[in-house]
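Q: This is start.cif, which holds mmCIF, C-alpha atoms:
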```
data_start
loop_
_atom_site.group_PDB
_atom_site.id
_atom_site.type_symbol
_atom_site.label_atom_id
_atom_site.label_comp_id
_atom_site.auth_asym_id
_atom_site.auth_seq_id
_atom_site.Cartn_x
_atom_site.Cartn_y
_atom_site.Cartn_z
ATOM 1 C CA MET B 13 32.034 100.620 -22.443
ATOM 2 C CA SER B 14 33.563 97.231 -21.641
ATOM 3 C CA ALA B 15 36.273 96.684 -19.028
ATOM 4 C CA LYS B 16 38.602 95.661 -21.830
ATOM 5 C CA GLY B 17 38.215 99.066 -23.421
ATOM 6 C CA LYS B 18 39.134 100.828 -20.180
ATOM 7 C CA GLU B 19 42.292 98.776 -19.554
ATOM 8 C CA PRO B 20 44.728 100.805 -21.734
ATOM 9 C CA ALA B 21 43.736 104.031 -19.950
ATOM 10 C CA THR B 22 44.373 102.417 -16.558
ATOM 11 C CA GLN B 23 47.812 101.250 -17.662
ATOM 12 C CA LYS B 24 48.585 104.662 -19.081
ATOM 13 C CA ASP B 25 47.599 106.402 -15.818
ATOM 14 C CA ALA B 26 49.772 104.089 -13.666
ATOM 15 C CA ALA B 27 52.708 106.054 -12.240
ATOM 16 C CA PRO B 28 56.161 104.475 -12.661
ATOM 17 C CA THR B 29 57.671 103.084 -9.477
ATOM 18 C CA ASN B 30 60.827 101.373 -8.265
ATOM 19 C CA PRO B 31 60.753 97.565 -7.643
ATOM 20 C CA ARG B 32 59.207 98.069 -4.161
ATOM 21 C CA GLY B 33 56.418 100.314 -5.441
ATOM 22 C CA ILE B 34 57.834 103.714 -4.433
ATOM 23 C CA PRO B 35 56.763 106.230 -7.106
ATOM 24 C CA TYR B 36 59.263 108.286 -9.055
ATOM 25 C CA ALA B 37 59.196 112.031 -8.456
ATOM 26 C CA PRO B 38 58.100 114.075 -11.492
ATOM 27 C CA PHE B 39 61.021 115.734 -13.236
ATOM 28 C CA VAL B 40 60.072 119.337 -13.972
ATOM 29 C CA ASP B 41 61.785 120.144 -17.242
ATOM 30 C CA LYS B 42 59.250 122.792 -18.292
ATOM 31 C CA VAL B 43 57.449 124.599 -15.483
ATOM 32 C CA GLU B 44 54.641 125.444 -17.905
ATOM 33 C CA ASP B 45 53.710 121.733 -17.943
ATOM 34 C CA TYR B 46 52.684 122.080 -14.277
ATOM 35 C CA VAL B 47 51.824 125.771 -13.919
ATOM 36 C CA THR B 48 49.691 127.670 -16.428
ATOM 37 C CA SER B 49 49.521 130.942 -14.488
ATOM 38 C CA ARG B 50 50.799 132.530 -11.292
ATOM 39 C CA GLU B 51 47.528 131.541 -9.607
ATOM 40 C CA ASP B 52 48.665 127.887 -9.855
ATOM 41 C CA VAL B 53 52.039 128.456 -8.194
ATOM 42 C CA GLN B 54 51.091 128.125 -4.518
ATOM 43 C CA SER B 55 48.953 125.007 -5.022
ATOM 44 C CA THR B 56 51.735 123.417 -7.091
ATOM 45 C CA LEU B 57 54.363 124.249 -4.463
ATOM 46 C CA ARG B 58 52.114 122.764 -1.745
ATOM 47 C CA SER B 59 51.642 119.610 -3.804
ATOM 48 C CA PHE B 60 55.398 119.236 -4.322
ATOM 49 C CA GLN B 61 56.085 119.869 -0.614
ATOM 50 C CA GLU B 62 53.545 117.188 0.318
ATOM 51 C CA MET B 63 55.390 114.737 -1.918
ATOM 52 C CA ILE B 64 58.659 115.574 -0.173
ATOM 53 C CA SER B 65 56.984 114.982 3.203
ATOM 54 C CA LYS B 66 55.739 111.564 2.038
ATOM 55 C CA TYR B 67 59.207 110.612 0.786
ATOM 56 C CA GLN B 68 60.741 111.747 4.090
ATOM 57 C CA PHE B 69 58.181 109.675 6.023
ATOM 58 C CA MET B 70 59.083 106.590 3.978
ATOM 59 C CA GLU B 71 62.775 107.371 4.493
ATOM 60 C CA LEU B 72 62.309 107.487 8.279
ATOM 61 C CA ASN B 73 60.466 104.146 8.300
ATOM 62 C CA LEU B 74 63.177 102.527 6.189
ATOM 63 C CA GLN B 75 65.914 103.871 8.457
ATOM 64 C CA ARG B 76 64.158 102.245 11.417
ATOM 65 C CA ARG B 77 63.852 98.987 9.504
ATOM 66 C CA VAL B 78 67.547 99.052 8.592
ATOM 67 C CA ALA B 79 68.438 99.586 12.249
ATOM 68 C CA GLY B 80 66.270 96.598 13.196
ATOM 69 C CA LEU B 81 67.879 94.384 10.552
ATOM 70 C CA LYS B 82 71.353 95.402 11.717
ATOM 71 C CA ASP B 83 70.441 94.108 15.173
ATOM 72 C CA LYS B 84 68.672 91.009 13.866
ATOM 73 C CA MET B 85 71.244 89.650 11.394
ATOM 74 C CA PRO B 86 74.096 89.094 13.900
ATOM 75 C CA ASP B 87 71.696 87.154 16.162
ATOM 76 C CA ILE B 88 70.646 84.893 13.264
ATOM 77 C CA GLU B 89 74.292 84.379 12.254
ATOM 78 C CA LYS B 90 75.283 83.498 15.812
ATOM 79 C CA THR B 91 72.391 81.025 16.164
ATOM 80 C CA LEU B 92 73.219 79.456 12.795
ATOM 81 C CA GLU B 93 76.862 79.004 13.791
ATOM 82 C CA THR B 94 75.750 77.315 17.028
ATOM 83 C CA VAL B 95 73.425 74.939 15.144
ATOM 84 C CA LYS B 96 76.212 74.058 12.708
ATOM 85 C CA PHE B 97 78.546 73.359 15.645
ATOM 86 C CA LEU B 98 75.972 71.106 17.363
ATOM 87 C CA LYS B 99 75.479 69.290 14.066
ATOM 88 C CA THR B 100 79.170 68.256 14.037
ATOM 89 C CA ARG B 101 78.893 66.497 17.412
ATOM 90 C CA THR B 102 78.306 62.743 17.552
ATOM 91 C CA GLU B 103 76.817 60.479 20.204
ATOM 92 C CA GLU B 104 80.344 59.734 21.427
ATOM 93 C CA SER B 105 81.104 63.432 22.057
ATOM 94 C CA ASP B 106 81.323 64.671 25.644
ATOM 95 C CA PRO B 107 78.694 67.096 26.933
ATOM 96 C CA ILE B 108 79.483 70.795 26.562
ATOM 97 C CA GLU B 109 79.666 72.953 29.662
ATOM 98 C CA THR B 110 78.331 76.420 28.845
ATOM 99 C CA THR B 111 76.138 79.255 30.077
ATOM 100 C CA PHE B 112 72.888 80.521 28.614
ATOM 101 C CA GLU B 113 71.165 83.872 29.001
ATOM 102 C CA LEU B 114 68.032 84.093 31.142
ATOM 103 C CA ASN B 115 67.756 87.875 30.726
ATOM 104 C CA ASP B 116 70.066 90.835 30.078
ATOM 105 C CA THR B 117 71.986 90.407 33.353
ATOM 106 C CA LEU B 118 71.305 86.814 34.439
ATOM 107 C CA TYR B 119 73.018 83.676 33.100
ATOM 108 C CA ALA B 120 72.796 80.011 34.122
ATOM 109 C CA LYS B 121 75.213 77.106 33.658
ATOM 110 C CA ALA B 122 74.188 74.210 31.436
ATOM 111 C CA SER B 123 75.527 70.875 30.278
ATOM 112 C CA ILE B 124 74.592 70.102 26.668
ATOM 113 C CA PRO B 125 74.873 66.482 25.518
ATOM 114 C CA PRO B 126 75.031 65.577 21.806
ATOM 115 C CA THR B 127 71.615 66.196 20.288
ATOM 116 C CA ASP B 128 69.774 65.959 16.987
ATOM 117 C CA GLU B 129 67.192 68.562 18.016
ATOM 118 C CA VAL B 130 67.297 72.281 18.856
ATOM 119 C CA TYR B 131 64.758 74.833 20.076
ATOM 120 C CA LEU B 132 64.439 78.119 18.217
ATOM 121 C CA TRP B 133 62.723 81.335 19.278
ATOM 122 C CA LEU B 134 60.282 82.387 16.558
ATOM 123 C CA GLY B 135 59.252 85.632 18.246
ATOM 124 C CA ALA B 136 56.164 86.645 20.232
ATOM 125 C CA ASN B 137 57.296 84.310 23.058
ATOM 126 C CA VAL B 138 57.035 81.263 20.791
ATOM 127 C CA MET B 139 59.707 78.546 20.819
ATOM 128 C CA LEU B 140 59.594 75.409 18.670
ATOM 129 C CA ALA B 141 61.730 72.276 18.463
ATOM 130 C CA TYR B 142 63.401 71.497 15.127
ATOM 131 C CA PRO B 143 65.608 68.679 13.882
ATOM 132 C CA ILE B 144 69.112 70.104 13.441
ATOM 133 C CA ASP B 145 69.066 69.837 9.631
ATOM 134 C CA GLU B 146 65.693 71.587 9.463
ATOM 135 C CA ALA B 147 66.863 74.273 11.912
ATOM 136 C CA GLU B 148 69.971 74.922 9.804
ATOM 137 C CA SER B 149 67.868 75.220 6.646
ATOM 138 C CA LEU B 150 65.384 77.562 8.355
ATOM 139 C CA LEU B 151 68.082 79.838 9.781
ATOM 140 C CA THR B 152 69.962 79.906 6.476
ATOM 141 C CA SER B 153 66.819 81.017 4.636
ATOM 142 C CA LYS B 154 66.007 83.592 7.338
ATOM 143 C CA LEU B 155 69.514 85.026 7.139
ATOM 144 C CA ALA B 156 69.365 85.212 3.335
ATOM 145 C CA ALA B 157 65.947 86.924 3.533
ATOM 146 C CA ALA B 158 67.249 89.429 6.114
ATOM 147 C CA LYS B 159 70.290 90.244 3.972
ATOM 148 C CA GLN B 160 68.098 90.716 0.893
ATOM 149 C CA SER B 161 65.696 92.907 2.858
ATOM 150 C CA TYR B 162 68.637 94.983 4.114
ATOM 151 C CA ALA B 163 69.971 95.403 0.565
ATOM 152 C CA ASN B 164 66.493 96.418 -0.649
ATOM 153 C CA CYS B 165 66.175 98.965 2.174
ATOM 154 C CA GLU B 166 69.552 100.511 1.360
ATOM 155 C CA GLU B 167 68.597 100.679 -2.326
ATOM 156 C CA ASP B 168 65.245 102.268 -1.463
ATOM 157 C CA LEU B 169 66.927 104.821 0.817
ATOM 158 C CA ASP B 170 69.215 105.887 -2.037
ATOM 159 C CA PHE B 171 66.174 106.041 -4.335
ATOM 160 C CA LEU B 172 64.224 108.181 -1.854
ATOM 161 C CA ARG B 173 67.120 110.625 -1.451
ATOM 162 C CA GLU B 174 67.214 111.030 -5.240
ATOM 163 C CA GLN B 175 63.452 111.664 -5.371
ATOM 164 C CA ILE B 176 63.646 114.221 -2.548
ATOM 165 C CA THR B 177 66.435 116.039 -4.412
ATOM 166 C CA THR B 178 64.371 115.948 -7.618
ATOM 167 C CA MET B 179 61.387 117.478 -5.802
ATOM 168 C CA GLU B 180 63.565 120.164 -4.186
ATOM 169 C CA VAL B 181 64.831 121.098 -7.654
ATOM 170 C CA ALA B 182 61.232 121.151 -8.926
ATOM 171 C CA ILE B 183 60.177 123.487 -6.108
ATOM 172 C CA ALA B 184 63.119 125.801 -6.863
ATOM 173 C CA ARG B 185 62.213 125.903 -10.579
ATOM 174 C CA VAL B 186 58.559 126.715 -9.916
ATOM 175 C CA TYR B 187 59.559 129.398 -7.390
ATOM 176 C CA ASN B 188 62.071 130.953 -9.814
ATOM 177 C CA TRP B 189 59.459 130.851 -12.599
ATOM 178 C CA ASP B 190 57.076 132.745 -10.308
ATOM 179 C CA VAL B 191 59.742 135.368 -9.569
ATOM 180 C CA VAL B 192 60.425 135.864 -13.289
ATOM 181 C CA GLN B 193 56.697 136.163 -14.059
ATOM 182 C CA LYS B 194 56.286 138.671 -11.246
ATOM 183 C CA ARG B 195 59.106 140.798 -12.683
ATOM 184 C CA LYS B 196 57.577 140.603 -16.159
ATOM 185 C CA GLU B 197 54.193 141.704 -14.840
ATOM 186 C CA LYS B 198 55.807 144.591 -12.956
ATOM 187 C CA ALA B 199 57.766 145.666 -16.047
ATOM 188 C CA ASP B 200 54.597 145.487 -18.192
ATOM 189 C CA GLU B 201 52.689 147.613 -15.680
ATOM 190 C CA GLU B 202 55.490 150.205 -15.586
ATOM 191 C CA HIS B 203 55.623 150.221 -19.388
ATOM 192 C CA LYS B 204 51.856 150.721 -19.651
ATOM 193 C CA GLY B 205 51.972 153.462 -17.044
ATOM 194 C CA LYS B 206 54.763 155.266 -18.885
ATOM 195 C CA GLY B 207 52.866 154.961 -22.158
ATOM 196 C CA ALA B 208 49.763 156.460 -20.582
ATOM 197 C CA GLU B 209 51.788 159.382 -19.221
ATOM 198 C CA ASP B 210 53.307 160.031 -22.640
ATOM 199 C CA GLY B 211 49.853 160.003 -24.210
ATOM 200 C CA GLU B 212 48.563 162.547 -21.734
ATOM 201 C CA GLN B 213 51.318 165.095 -22.452
ATOM 202 C CA PRO B 214 49.932 168.156 -24.446
ATOM 203 C CA ASN B 215 51.293 168.860 -27.882
ATOM 204 C CA GLY B 216 53.811 171.730 -27.780
#
```
Produce structure tokens that represent the structure in this file.
A:
Amino acid sequence: MSAKGKEPATQKDAAPTNPRGIPYAPFVDKVEDYVTSREDVQSTLRSFQEMISKYQFMELNLQRRVAGLKDKMPDIEKTLETVKFLKTRTEESDPIETTFELNDTLYAKASIPPTDEVYLWLGANVMLAYPIDEAESLLTSKLAAAKQSYANCEEDLDFLREQITTMEVAIARVYNWDVVQKRKEKADEEHKGKGAEDGEQPNG
């Protein structure tokens, strides 16, 4: 069979996801679509619980990422504001007396003359010099990307909470189905037992 012939099946088997590729949880409308007998109940419940665990793992990672972005965005905004301020200064402007941070508890005084160049930390102990216009453009794009990433994370967190709730409902439905089937089996056994007793009674 050619690859072209297999393509529709592949597309059909692809599970629907949200824009970031997180799969939707299956909505259990009819338990019989997932469980054919009581022997399937425990394996189905385990499968659903594993899905919840995966969603919770993704949720934890996203929460950490959101926390990191919350710390990162104010730093980018502050740096961007500083670059914009330096951009307004001309060659005739007086030097600025300020302090800069060496570490968490140590600061040093500095005199900053008008400049058309700034140095930006890029991470991993890397610092590069940029023309002010290029630095402003870079920081603006980084801030926009961080804000978009934050919005995506918040959207994904809401999505994950919905999927976890859907799976919890699915587990409850399968469990309740099992309880009902167990009661039916017990009632059938009692009915058969009573019928056998009636059949064994001698004719009076």
Q: What does the distance from atom CA of Trp133 of chain B to atom CA of Leu151 of chain B come to in Å, to one decimal?
A: 11.0 Å
Q: How would you write, as an MDAnalysis selection string, the residues chosen by the PyMOL selection byres ((chain B and resi 44) around 12) on this structure?
A: chainID B and resid 40:43 45:50 52:53 56 182 185:186 189:190 193
Q: Ranking B:Thr100, B:Asn30, B:Ser65, B:Ser105 by minimum distance to Asp145 of chain B and counting all atoms listed in the file, which one comes first?
A: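 When distances to Asp145 of chain B are compared using all atoms listed in the file, the smallest one comes from B:Thr100.
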Q: To test the calculation: enclose all listed atoms of segment 30-38 of chain B in a box whose edges run along x, y and z, add 4 Å on each side, then state centre and edge lengths in Å to one decimal, as JSON.
A:
```
{"center_x": 58.6, "center_y": 105.8, "center_z": -7.8, "size_x": 12.4, "size_y": 24.5, "size_z": 15.3}
```
Q: At what distance in Å, to one decimal, does atom CA of Glu89 of chain B lie from atom CA of Ile144 of chain B?
A: 15.2 Å
Q: With distances taken over all atoms listed in the file, which of B:Glu62, B:Glu197, B:Glu109, B:Glu71 is nearest to Leu169 of chain B?
A: B:Glu71
Q: Can you tell me how far atom CA of Phe171 of chain B sits from atom CA of Ile88 of chain B, in Å to one decimal?
A: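 Rounded to one decimal, the two atoms are 27.9 Å apart.
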Q: With only C-alpha atoms as the basis for distance, which of B:Thr91, B:Lys196, B:Ile124, B:Gly80 is at the shortest distance from Lys154 of chain B?
A: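 Of all the options, B:Thr91 lies closest to Lys154 of chain B.
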Q: Just say which residues the PyMOL selection byres ((chain B and resi 102) around 10) picks in this file, as a PyMOL selection string.
A: chain B and resi 98-101+103-106+125-128
Q: From the options B:Ala199, B:Val130, B:Ala158, B:Leu74, which residue's atoms come nearest to Phe97 of chain B, counting all atoms listed in the file?
A: B:Val130
Q: Find the residue from B:Leu155, B:Leu114, B:Ala184, B:Cys165 that sits nearest to Lys90 of chain B; use all atoms listed in the file when measuring.
A: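 Among B:Leu155, B:Leu114, B:Ala184, B:Cys165, it is B:Leu155 that comes nearest to Lys90 of chain B.
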Q: Which one of B:Glu129, B:Glu148, B:Glu51, B:Asp170 sits closest to Leu92 of chain B if you count all atoms listed in the file?
A: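 Ranked by minimum distance to Leu92 of chain B, first place goes to B:Glu148.
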